[in-house]
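Asks: Pasting query_0.txt here (compact mmCIF, C-alpha atoms):
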```
# COMPACT_ATOMS: atom_id res chain seq x y z
CA MET D 26 -24.04 -12.98 2.95
CA VAL D 27 -23.36 -14.46 -0.48
CA GLN D 28 -22.52 -11.03 -1.96
CA ASP D 29 -19.88 -10.48 0.72
CA VAL D 30 -18.27 -13.86 -0.01
CA ILE D 31 -18.23 -13.14 -3.74
CA PHE D 32 -16.90 -9.64 -3.12
CA ARG D 33 -14.09 -10.95 -0.90
CA ARG D 34 -13.12 -13.57 -3.45
CA VAL D 35 -13.07 -11.07 -6.30
CA VAL D 36 -11.04 -8.57 -4.32
CA SER D 37 -8.60 -11.22 -3.02
CA THR D 38 -8.07 -12.55 -6.53
CA PHE D 39 -7.40 -9.02 -7.72
CA ALA D 40 -4.83 -8.54 -4.94
CA LEU D 41 -3.07 -11.79 -5.82
CA ALA D 42 -3.05 -10.87 -9.48
CA THR D 43 -1.59 -7.45 -8.72
CA CYS D 44 1.21 -8.98 -6.62
CA ALA D 45 1.89 -11.58 -9.26
CA LEU D 46 2.14 -8.89 -11.90
CA ALA D 47 4.42 -6.80 -9.74
CA LEU D 48 6.72 -9.77 -9.12
CA ALA D 49 6.63 -10.80 -12.77
CA GLY D 50 7.65 -7.29 -13.72
CA CYS D 51 10.84 -7.52 -11.67
CA GLY D 52 13.91 -7.91 -13.85
CA GLY D 53 14.01 -9.71 -17.13
CA GLU D 54 14.15 -8.37 -20.66
CA THR D 55 11.29 -6.52 -22.20
CA PRO D 56 9.78 -8.88 -24.75
CA GLU D 57 9.98 -7.49 -28.26
CA ALA D 58 6.75 -6.80 -30.03
CA ASP D 59 5.85 -9.69 -32.32
CA SER D 60 5.85 -7.30 -35.24
CA GLU D 61 9.47 -6.16 -34.67
CA LEU D 62 12.21 -7.84 -36.71
CA SER D 63 15.65 -8.50 -35.29
CA SER D 64 19.08 -9.41 -36.59
CA PRO D 65 22.34 -10.42 -34.88
CA LEU D 66 23.95 -7.39 -36.56
CA ILE D 67 21.62 -5.10 -34.59
CA ASP D 68 22.81 -6.49 -31.26
CA GLU D 69 26.43 -6.29 -32.37
CA ARG D 70 26.27 -2.70 -33.49
CA HIS D 71 24.25 -1.69 -30.44
CA GLU D 72 26.98 -3.11 -28.22
CA ASN D 73 29.63 -1.37 -30.31
CA PHE D 74 27.92 2.01 -29.97
CA GLU D 75 27.40 1.46 -26.23
CA GLY D 76 31.15 0.86 -26.00
CA ILE D 77 31.83 4.11 -27.86
CA GLY D 78 29.42 5.91 -25.54
CA ASP D 79 31.05 4.51 -22.40
CA ALA D 80 34.54 5.43 -23.65
CA PHE D 81 33.38 8.94 -24.50
CA LYS D 82 31.86 9.31 -21.03
CA ALA D 83 35.16 8.24 -19.47
CA ILE D 84 37.00 10.85 -21.57
CA ARG D 85 34.60 13.64 -20.61
CA GLY D 86 34.81 12.51 -17.01
CA GLN D 87 38.57 12.96 -17.12
CA LEU D 88 38.26 16.47 -18.57
CA GLU D 89 36.05 17.43 -15.64
CA GLN D 90 38.85 16.57 -13.21
CA GLY D 91 41.29 19.24 -12.01
CA SER D 92 44.17 17.36 -13.61
CA PRO D 93 42.95 14.92 -16.27
CA ASP D 94 44.79 11.64 -16.77
CA PHE D 95 45.79 11.86 -20.43
CA SER D 96 46.75 8.20 -20.60
CA VAL D 97 43.15 7.27 -19.72
CA ILE D 98 41.90 9.68 -22.36
CA GLN D 99 44.29 8.22 -24.92
CA ALA D 100 43.30 4.62 -24.13
CA ASN D 101 39.60 5.42 -24.48
CA ALA D 102 40.17 7.41 -27.67
CA GLN D 103 42.03 4.40 -29.05
CA ASP D 104 39.07 2.21 -28.14
CA ILE D 105 36.67 4.57 -29.93
CA ASN D 106 38.91 4.62 -33.00
CA GLN D 107 38.92 0.83 -33.15
CA ARG D 108 35.15 0.60 -32.70
CA ALA D 109 34.64 3.31 -35.33
CA GLY D 110 36.46 1.00 -37.75
CA ASN D 111 33.84 -1.70 -37.07
CA ILE D 112 30.82 0.49 -37.79
CA GLU D 113 30.46 0.01 -41.53
CA SER D 114 30.59 -3.78 -41.27
CA HIS D 115 27.60 -3.62 -38.88
CA PHE D 116 25.41 -2.05 -41.51
CA VAL D 117 25.97 -4.37 -44.49
CA ASP D 118 22.45 -5.80 -44.26
CA GLU D 119 19.53 -3.45 -44.74
CA THR D 120 17.97 -3.43 -41.28
CA ALA D 121 16.28 -0.07 -40.98
CA ARG D 122 13.79 1.03 -38.34
CA GLU D 123 11.35 2.03 -41.07
CA ALA D 124 11.42 -1.56 -42.34
CA GLY D 125 10.21 -2.76 -38.94
CA TYR D 126 13.49 -3.67 -37.28
CA ASP D 127 13.98 -3.07 -33.57
CA THR D 128 16.70 -0.49 -34.12
CA GLU D 129 17.36 3.25 -34.09
CA ALA D 130 19.16 3.00 -37.45
CA LEU D 131 17.28 4.98 -40.08
CA ALA D 132 16.76 3.98 -43.72
CA ALA D 133 18.88 6.99 -44.71
CA ILE D 134 21.97 4.87 -43.92
CA TRP D 135 21.26 2.66 -46.91
CA GLN D 136 19.76 5.41 -49.04
CA GLU D 137 22.80 7.66 -48.62
CA PRO D 138 25.74 5.25 -48.27
CA VAL D 139 28.34 7.85 -49.27
CA ALA D 140 27.19 10.30 -46.61
CA PHE D 141 27.13 7.50 -44.02
CA SER D 142 30.62 6.44 -44.99
CA GLU D 143 31.82 10.03 -44.64
CA ALA D 144 30.20 10.33 -41.20
CA THR D 145 31.88 7.12 -40.05
CA GLN D 146 35.21 8.34 -41.42
CA LYS D 147 34.80 11.57 -39.49
CA LEU D 148 34.60 9.62 -36.24
CA MET D 149 37.71 7.64 -37.19
CA ASP D 150 39.61 10.83 -38.01
CA THR D 151 38.57 12.81 -34.93
CA SER D 152 39.27 9.89 -32.57
CA ALA D 153 42.71 9.40 -34.16
CA ALA D 154 43.40 13.11 -33.68
CA LEU D 155 42.39 12.76 -30.02
CA VAL D 156 44.74 9.80 -29.55
CA GLU D 157 47.56 12.00 -30.82
CA ALA D 158 46.55 15.03 -28.79
CA ALA D 159 46.27 12.97 -25.61
CA GLY D 160 49.76 11.62 -26.30
CA GLU D 161 51.12 15.16 -26.34
CA GLY D 162 49.24 16.07 -23.17
CA ASP D 163 48.33 19.70 -23.88
CA PRO D 164 44.95 20.37 -22.18
CA ALA D 165 43.77 22.95 -24.69
CA THR D 166 44.49 20.75 -27.71
CA VAL D 167 42.91 17.73 -26.02
CA GLY D 168 39.82 19.77 -25.14
CA ALA D 169 39.43 20.91 -28.71
CA ALA D 170 39.93 17.38 -30.03
CA VAL D 171 37.26 16.02 -27.67
CA LYS D 172 34.87 18.71 -28.85
CA ASP D 173 35.54 17.79 -32.48
CA MET D 174 34.93 14.14 -31.78
CA GLY D 175 31.67 14.94 -29.97
CA GLY D 176 30.68 16.91 -33.02
CA SER D 177 31.22 13.86 -35.22
CA CYS D 178 28.91 11.81 -32.95
CA LYS D 179 26.20 14.43 -33.28
CA ASN D 180 26.73 14.80 -37.02
CA CYS D 181 26.05 11.14 -37.65
CA HIS D 182 23.17 10.92 -35.18
CA ASP D 183 21.44 13.96 -36.68
CA GLN D 184 21.34 12.29 -40.08
CA PHE D 185 21.08 8.59 -39.40
CA ARG D 186 19.75 7.88 -35.90
CA TYR D 187 16.12 7.88 -34.80
CA ASP D 188 15.26 10.80 -32.53
CA ASP D 189 13.25 9.43 -29.61
CA GLU D 190 13.22 12.67 -27.69
CA ALA D 191 10.16 14.22 -29.36
CA MET N 9 -9.55 3.69 9.83
CA ILE N 10 -12.88 3.34 11.59
CA GLU N 11 -14.40 -0.03 12.13
CA PRO N 12 -16.98 -1.30 11.64
CA ALA N 13 -18.05 1.91 9.93
CA ASP N 14 -19.78 0.34 6.97
CA ALA N 15 -21.53 -2.53 8.71
CA GLY N 16 -24.68 -2.00 6.66
CA PRO N 17 -28.35 -2.51 7.44
CA ALA N 18 -27.84 -4.09 10.87
CA GLU N 19 -27.26 -0.62 12.41
CA ALA N 20 -30.23 1.26 13.81
CA PRO N 21 -30.97 4.51 11.95
CA GLY N 22 -29.49 7.72 13.45
CA THR N 23 -26.33 6.07 14.79
CA SER N 24 -24.15 6.89 11.82
CA HIS N 25 -23.63 9.69 9.32
CA ARG N 26 -21.57 10.39 6.22
CA VAL N 27 -18.74 12.84 6.71
CA LYS N 28 -15.96 14.29 4.60
CA VAL N 29 -12.64 12.50 5.11
CA TRP N 30 -10.35 13.36 2.19
CA ASP N 31 -10.22 16.78 0.55
CA PRO N 32 -10.06 17.14 -3.27
CA ILE N 33 -6.32 17.78 -3.36
CA VAL N 34 -5.54 14.60 -1.42
CA ARG N 35 -7.82 12.61 -3.72
CA LEU N 36 -6.67 14.16 -6.99
CA SER N 37 -3.00 13.72 -6.11
CA HIS N 38 -3.59 10.12 -5.02
CA TRP N 39 -5.28 9.08 -8.25
CA SER N 40 -2.77 11.05 -10.33
CA PHE N 41 -0.01 8.92 -8.81
CA ALA N 42 -1.94 5.75 -9.63
CA VAL N 43 -2.03 6.81 -13.30
CA LEU N 44 1.34 8.53 -13.61
CA VAL N 45 3.59 5.89 -12.02
CA PRO N 46 2.57 3.18 -14.54
CA ALA N 47 2.80 5.84 -17.27
CA MET N 48 6.39 6.58 -16.27
CA TRP N 49 7.23 2.90 -16.58
CA TRP N 50 5.46 2.55 -19.94
CA THR N 51 7.05 5.65 -21.51
CA ALA N 52 10.51 4.44 -20.49
CA GLU N 53 9.96 0.88 -21.73
CA ASN N 54 8.74 2.20 -25.08
CA SER N 55 11.40 4.91 -25.43
CA GLU N 56 8.81 7.68 -25.44
CA TRP N 57 11.32 10.00 -23.81
CA GLY N 58 9.56 13.25 -24.58
CA TRP N 59 6.49 12.02 -22.68
CA HIS N 60 8.64 10.43 -19.99
CA ARG N 61 10.22 13.77 -19.24
CA ARG N 62 6.99 15.79 -19.49
CA LEU N 63 4.96 13.43 -17.32
CA GLY N 64 7.88 13.01 -14.92
CA LEU N 65 7.87 16.75 -14.34
CA VAL N 66 4.10 16.71 -13.83
CA LEU N 67 4.53 13.89 -11.30
CA PHE N 68 7.29 15.86 -9.60
CA GLY N 69 4.96 18.85 -9.33
CA ILE N 70 2.11 16.79 -7.87
CA VAL N 71 4.38 15.11 -5.31
CA THR N 72 5.59 18.59 -4.33
CA LEU N 73 1.98 19.75 -4.04
CA ARG N 74 1.02 16.81 -1.81
CA ILE N 75 4.03 17.36 0.45
CA LEU N 76 3.24 21.06 0.76
CA TRP N 77 -0.40 20.20 1.42
CA GLY N 78 0.79 17.89 4.17
CA PHE N 79 1.74 21.02 6.09
CA ILE N 80 -1.07 23.44 5.23
CA GLY N 81 -4.04 21.30 4.21
CA PRO N 82 -7.05 20.19 6.29
CA ARG N 83 -6.46 17.87 9.24
CA THR N 84 -6.51 14.51 7.46
CA ALA N 85 -4.02 15.74 4.84
CA ARG N 86 -1.43 16.81 7.40
CA PHE N 87 1.62 14.71 8.25
CA GLY N 88 1.26 15.94 11.82
CA ASP N 89 -2.10 14.17 11.99
CA PHE N 90 -1.01 10.69 10.97
CA VAL N 91 2.75 10.36 11.43
CA ARG N 92 3.09 8.82 14.88
CA GLY N 93 5.85 7.15 16.86
CA PRO N 94 6.57 3.42 16.46
CA SER N 95 4.74 2.59 19.71
CA SER N 96 1.52 4.00 18.23
CA VAL N 97 1.96 1.78 15.18
CA LEU N 98 2.43 -1.28 17.38
CA ALA N 99 -0.54 -0.31 19.52
CA TYR N 100 -2.66 0.10 16.41
CA PHE N 101 -1.78 -3.36 15.18
CA ARG N 102 -2.57 -4.80 18.59
CA GLY N 103 -5.99 -3.20 18.28
CA LYS N 104 -5.71 -0.92 21.27
CA LEU N 105 -6.47 2.23 19.30
CA SER N 106 -9.76 0.87 18.00
CA GLY N 107 -11.39 1.49 21.36
CA GLY N 108 -12.18 4.91 22.78
CA ALA N 109 -12.11 8.05 20.65
CA ARG N 110 -12.50 7.39 16.95
CA ARG N 111 -11.30 9.65 14.22
CA VAL N 112 -11.22 9.76 10.45
CA GLY N 113 -7.96 9.89 8.52
CA HIS N 114 -4.90 7.68 8.17
CA ASN N 115 -4.07 5.29 11.01
CA PRO N 116 -0.44 5.19 12.24
CA ALA N 117 0.53 2.29 9.95
CA GLY N 118 -1.14 3.88 6.95
CA GLY N 119 0.58 7.11 7.86
CA TYR N 120 4.03 5.58 7.37
CA SER N 121 2.85 4.06 4.14
CA VAL N 122 1.92 7.53 2.88
CA LEU N 123 5.32 8.89 3.89
CA ALA N 124 7.19 6.00 2.29
CA LEU N 125 5.32 6.23 -1.00
CA LEU N 126 5.72 10.00 -1.23
CA LEU N 127 9.43 9.78 -0.41
CA VAL N 128 10.22 7.07 -2.94
CA MET N 129 8.32 8.94 -5.66
CA LEU N 130 10.12 12.15 -4.76
CA ALA N 131 13.49 10.37 -4.82
CA GLN N 132 12.79 8.76 -8.18
CA ALA N 133 11.55 11.95 -9.83
CA SER N 134 14.47 13.91 -8.38
CA MET N 135 16.97 11.41 -9.79
CA GLY N 136 15.33 11.78 -13.17
CA LEU N 137 15.95 15.52 -13.09
CA PHE N 138 19.72 14.87 -13.19
CA ALA N 139 19.74 11.79 -15.41
CA GLY N 140 20.86 11.16 -18.97
CA ASP N 141 23.72 11.88 -21.35
CA PRO N 142 23.50 14.88 -23.69
CA PHE N 143 25.32 12.89 -26.40
CA ASP N 144 22.93 9.97 -26.14
CA GLY N 145 19.24 10.66 -25.83
CA MET N 146 17.05 12.43 -23.31
CA THR N 147 18.38 14.33 -20.33
CA GLY N 148 16.70 15.76 -17.25
CA PRO N 149 16.46 19.55 -16.90
CA LEU N 150 19.09 19.68 -14.15
CA ARG N 151 21.56 17.37 -15.91
CA PRO N 152 24.02 20.26 -16.58
CA LEU N 153 24.47 20.65 -12.82
CA VAL N 154 26.27 17.34 -12.39
CA GLY N 155 29.37 15.72 -13.87
CA VAL N 156 29.37 12.98 -16.49
CA MET N 157 30.11 10.08 -14.17
CA THR N 158 27.68 11.31 -11.49
CA ALA N 159 24.90 11.56 -14.08
CA ASP N 160 25.76 8.07 -15.29
CA THR N 161 25.45 6.65 -11.77
CA ILE N 162 22.21 8.55 -11.14
CA THR N 163 20.76 7.22 -14.41
CA ASP N 164 21.55 3.61 -13.48
CA LEU N 165 20.12 4.14 -10.00
CA HIS N 166 16.97 5.75 -11.44
CA GLU N 167 16.39 2.62 -13.52
CA THR N 168 16.89 0.20 -10.65
CA PHE N 169 15.05 2.24 -8.03
CA PHE N 170 11.79 1.88 -9.94
CA TRP N 171 11.51 -1.65 -8.52
CA VAL N 172 11.62 -0.24 -5.00
CA ILE N 173 8.56 1.82 -5.92
CA VAL N 174 6.86 -1.27 -7.34
CA GLY N 175 7.49 -3.04 -4.03
CA PHE N 176 5.89 -0.28 -1.98
CA VAL N 177 2.96 0.05 -4.39
CA ALA N 178 2.32 -3.71 -4.24
CA LEU N 179 2.38 -3.56 -0.44
CA HIS N 180 -0.02 -0.61 -0.51
CA ILE N 181 -2.46 -2.45 -2.77
CA VAL N 182 -2.33 -5.61 -0.66
CA ALA N 183 -3.02 -3.56 2.47
CA ILE N 184 -5.99 -1.78 0.88
CA VAL N 185 -7.38 -5.08 -0.37
CA PHE N 186 -7.01 -6.51 3.14
CA TYR N 187 -8.97 -3.62 4.61
CA GLU N 188 -11.65 -3.90 1.94
CA ALA N 189 -12.04 -7.68 1.85
CA VAL N 190 -11.35 -8.65 5.45
CA GLN N 191 -11.97 -5.56 7.58
CA ARG N 192 -14.80 -4.49 5.26
CA GLU N 193 -13.76 -0.86 5.24
CA ARG N 194 -14.71 0.95 2.05
CA LEU N 195 -11.40 2.78 1.64
CA VAL N 196 -11.29 2.94 -2.14
CA GLY N 197 -14.73 4.50 -2.31
CA ALA N 198 -13.72 7.03 0.33
CA MET N 199 -10.63 8.03 -1.65
CA VAL N 200 -12.86 8.57 -4.70
CA THR N 201 -15.81 10.43 -3.15
CA GLY N 202 -13.97 11.83 -0.16
CA ARG N 203 -16.73 10.69 2.20
CA ARG N 204 -17.30 7.83 4.65
CA ARG N 205 -20.09 6.63 6.85
CA VAL N 206 -18.97 6.90 10.46
CA PRO N 207 -20.60 6.47 13.87
CA ALA N 208 -22.43 9.44 15.33
CA GLY N 209 -20.04 11.61 17.30
CA VAL N 210 -17.14 11.12 14.88
CA GLU N 211 -16.44 14.33 13.06
CA GLY N 212 -15.24 14.71 9.49
CA ILE N 213 -13.16 17.52 8.01
CA GLY N 214 -14.59 20.80 6.80
CA GLY N 215 -14.82 22.21 3.30
CA LEU N 216 -11.77 22.81 1.12
CA PRO N 217 -9.82 25.90 2.21
CA TRP N 218 -9.77 27.48 -1.24
CA GLY N 219 -7.22 30.17 -0.54
CA ARG N 220 -4.63 27.74 0.77
CA ALA N 221 -5.45 25.25 -1.98
CA LEU N 222 -4.84 27.85 -4.67
CA ALA N 223 -1.64 28.99 -2.98
CA ALA N 224 -0.37 25.39 -2.75
CA VAL N 225 -1.16 24.66 -6.40
CA LEU N 226 0.52 27.86 -7.57
CA LEU N 227 3.59 27.32 -5.40
CA ALA N 228 4.08 23.66 -6.34
CA GLY N 229 3.27 24.30 -9.99
CA GLY N 230 5.57 27.28 -10.11
CA PHE N 231 8.38 25.32 -8.50
CA ALA N 232 8.01 22.40 -10.93
CA PHE N 233 7.86 24.80 -13.87
CA TRP N 234 11.04 26.52 -12.72
CA ILE N 235 12.78 23.15 -12.39
CA ALA N 236 11.52 22.16 -15.86
CA GLN N 237 13.19 25.25 -17.30
CA GLY N 238 16.50 24.12 -15.79
CA ALA N 239 16.17 26.14 -12.59
CA PRO N 240 17.53 29.37 -14.08
CA PRO N 241 19.97 30.89 -13.44
CA LEU N 242 21.53 27.60 -12.21
CA THR N 243 21.76 26.12 -15.72
```
Represent the structure contained in this file as structure tokens.
Replies:
Amino acid sequence: MVQDVIFRRVVSTFALATCALALAGCGGETPEADSELSSPLIDERHENFEGIGDAFKAIRGQLEQGSPDFSVIQANAQDINQRAGNIESHFVDETAREAGYDTEALAAIWQEPVAFSEATQKLMDTSAALVEAAGEGDPATVGAAVKDMGGSCKNCHDQFRYDDEA
Amino acid sequence: MIEPADAGPAEAPGTSHRVKVWDPIVRLSHWSFAVLVPAMWWTAENSEWGWHRRLGLVLFGIVTLRILWGFIGPRTARFGDFVRGPSSVLAYFRGKLSGGARRVGHNPAGGYSVLALLLVMLAQASMGLFAGDPFDGMTGPLRPLVGVMTADTITDLHETFFWVIVGFVALHIVAIVFYEAVQRERLVGAMVTGRRRVPAGVEGIGGLPWGRALAAVLLAGGFAFWIAQGAPPLT
């Protein structure tokens, strides 16, 4: 009957469309919303922070071992210290989330530049202290230094990074 | 699957009747998955991590419920009813099971589809429980139970494994469309209303066993709630 033919065509088209969508969804970048602004600085600083995060994970991973490799900890702390030195240069242009940029950087960074500078300095100081502690190889001192450095991550995030966990 | 159950007006009256096939828990869990799986994808893509975690735990609870129901629910809900050996699956595809006794419920091929979909959803939700980095965004409630590098690996796997689910869901949809469009079996309608028209002599399932249903909901819900709290005293 005609209705059956129409029904089959509609349903088959729907099936093809579903498969096409499923395949199209595989891989690839999520397209940014047209309304979101971007800047090369955003990509750069994102990569820099990802590097800090990976290095910090490696350090914490070492501390979870029975006998941590302090040279690995030191190398990663050195990496964090170097990346911390790059942070301020990544925020020279005002590119806040509130202004419509695709970023987790809050406007507070540019509204409170002194506080942001202090937070960045804290990361530089705590990572430098960890480099030294790892060089000496005392587990208790290293543990405390890692904790301090983690605290400096949190300190900056609490003030200047968008909280997407709500 | 029964064919040709919904042949329409050509059948003489009195040779078919509508029976119950899928109980409310089977149907509600099925349609919850259809809504929640895309929701999990959307919340992750849009960094809505609070919702991702909340809905993920709801999904975990419903998968748990459906698995539990697969052991204590009415006949068509039970794994024992539709999980058959590979020879049964082959026989089904060769059409040998369509003769003789007819029954409602999943056929052997559909049965493995159900198992596969439930298992991949369970795997994905379980990975999510352990995922994340406490210094960088959302974490699952059981994240404290694993080490940093393990959690990192699980998080990466959780992201990639979603595409395995997409593959199985696409296959599921294609199969259902095939049955609807080509075999003319009204499966979608049956999964909504719970009823199908079947030949006389084919029996449906009975009413919902309320006691067991309540017990299953409370057990699964309680388990998911406990996990959501971090499975105390484990964390």
Asks: Would you work out the distance separating CA of Thr145 (chain D) from CA of Gly140 (chain N), expressed in Å to one decimal?
Replies: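 Taking CA of Thr145 (chain D) and CA of Gly140 (chain N), their separation equals 24.1 Å.
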Asks: With only C-alpha atoms as the counted atoms, please give the residues lying no more than 10 Å from Val91 (chain N), apart from itself and same-chain residues fewer than 2 positions off, as a list in words.
Replies: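 Close residues of Val91 (chain N): Arg86, Phe87, Gly88, Asp89, Gly93, Pro94, Ser96, Val97, His114, Asn115, Pro116, Ala117, Gly118, Gly119, Tyr120, Ser121, Val122 and Leu123 of chain N.
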Asks: Give me, as a list in words, the residues of chain N touching chain D, with the criterion being at most 8 Å (counting only C-alpha atoms).
Replies: Glu53, Ser55, Glu56, Trp57, Gly58, Trp59, Phe143, Asp144, Gly145, Met146, Gly155, Val156, Met157, Trp171, Val174, Gly175, Ala178, Ile181, Val182, Val185, Phe186, Glu188, Ala189 and Val190 of chain N
Asks: Can you measure CA of Gly69 (chain N) to CA of Ile184 (chain N) for me? One decimal in Å is fine.
Replies: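 These atoms are spaced 25.5 Å apart.
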Asks: Fewer than 3 positions away in the same chain doesn't count, so skip those; otherwise give me all residues within 9 Å of region 122-139 of chain D, counting all atoms listed in the file, as a ChimeraX atom specification.
Replies: /D:57-58,60-64,67,71,116-119,142-144,184-189
Asks: Which residues, written as a list in words, have at least one atom at most 7 Å from Leu137 (chain N), with all atoms listed in the file counted and residues fewer than 5 positions away on the same chain left out?
Replies: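 Close residues of Leu137 (chain N): Gly148, Pro149, Leu150 and Arg151 of chain N.
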Asks: Mind pulling up the distance from CA of Ile77 (chain D) to CA of Arg108 (chain D)?
Replies: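 So the two atoms, CA of Arg108 (chain D) and CA of Ile77 (chain D), lie 6.8 Å apart.
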Asks: Tell me which of N:Ile162, N:Val45, N:Arg205, N:Val154 sits closest to Glu193 (chain N), counting all atoms listed in the file.
Replies: N:Arg205
Asks: Looking at all atoms listed in the file, which of N:Met199, N:Gly212, N:Val128, N:Ser134 is the one that sits closest to Arg83 (chain N)?
Replies: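 Checking each of N:Met199, N:Gly212, N:Val128, N:Ser134 against Arg83 (chain N), counting all atoms listed in the file, the winner is N:Gly212.
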Asks: I need the residue nearest Ile235 (chain N) from this list: N:Val200, N:Val112, N:Leu125, N:Leu153. Use only C-alpha atoms for the distance.
Replies: N:Leu153
Asks: Got a minute to add N, CA and C atoms to region 59-73 of chain D and dump it as a compact mmCIF listing (two decimals), keeping the file's coordinate frame?
Replies:
```txt
# COMPACT_ATOMS: atom_id res chain seq x y z
N ASP D 59 5.80 -8.64 -31.29
CA ASP D 59 5.85 -9.69 -32.32
C ASP D 59 6.14 -9.12 -33.68
N SER D 60 5.70 -7.87 -33.91
CA SER D 60 5.85 -7.30 -35.24
C SER D 60 7.26 -6.78 -35.49
N GLU D 61 8.14 -6.72 -34.47
CA GLU D 61 9.47 -6.16 -34.67
C GLU D 61 10.43 -7.25 -35.12
N LEU D 62 11.21 -6.90 -36.20
CA LEU D 62 12.21 -7.84 -36.71
C LEU D 62 13.52 -7.62 -35.96
N SER D 63 14.35 -8.66 -35.94
CA SER D 63 15.65 -8.50 -35.29
C SER D 63 16.70 -9.16 -36.15
N SER D 64 17.96 -8.84 -35.85
CA SER D 64 19.08 -9.41 -36.59
C SER D 64 20.28 -9.41 -35.65
N PRO D 65 21.16 -10.40 -35.75
CA PRO D 65 22.34 -10.42 -34.88
C PRO D 65 23.22 -9.17 -35.07
N LEU D 66 23.16 -8.60 -36.29
CA LEU D 66 23.95 -7.39 -36.56
C LEU D 66 23.49 -6.24 -35.66
N ILE D 67 22.18 -6.19 -35.39
CA ILE D 67 21.62 -5.10 -34.59
C ILE D 67 22.20 -5.15 -33.17
N ASP D 68 22.25 -6.36 -32.60
CA ASP D 68 22.81 -6.49 -31.26
C ASP D 68 24.29 -6.12 -31.23
N GLU D 69 25.00 -6.56 -32.29
CA GLU D 69 26.43 -6.29 -32.37
C GLU D 69 26.71 -4.81 -32.44
N ARG D 70 25.97 -4.12 -33.33
CA ARG D 70 26.27 -2.70 -33.49
C ARG D 70 25.80 -1.89 -32.28
N HIS D 71 24.72 -2.36 -31.66
CA HIS D 71 24.25 -1.69 -30.44
C HIS D 71 25.33 -1.74 -29.36
N GLU D 72 25.92 -2.94 -29.21
CA GLU D 72 26.98 -3.11 -28.22
C GLU D 72 28.19 -2.26 -28.56
N ASN D 73 28.51 -2.17 -29.86
CA ASN D 73 29.63 -1.37 -30.31
C ASN D 73 29.43 0.11 -29.99
```
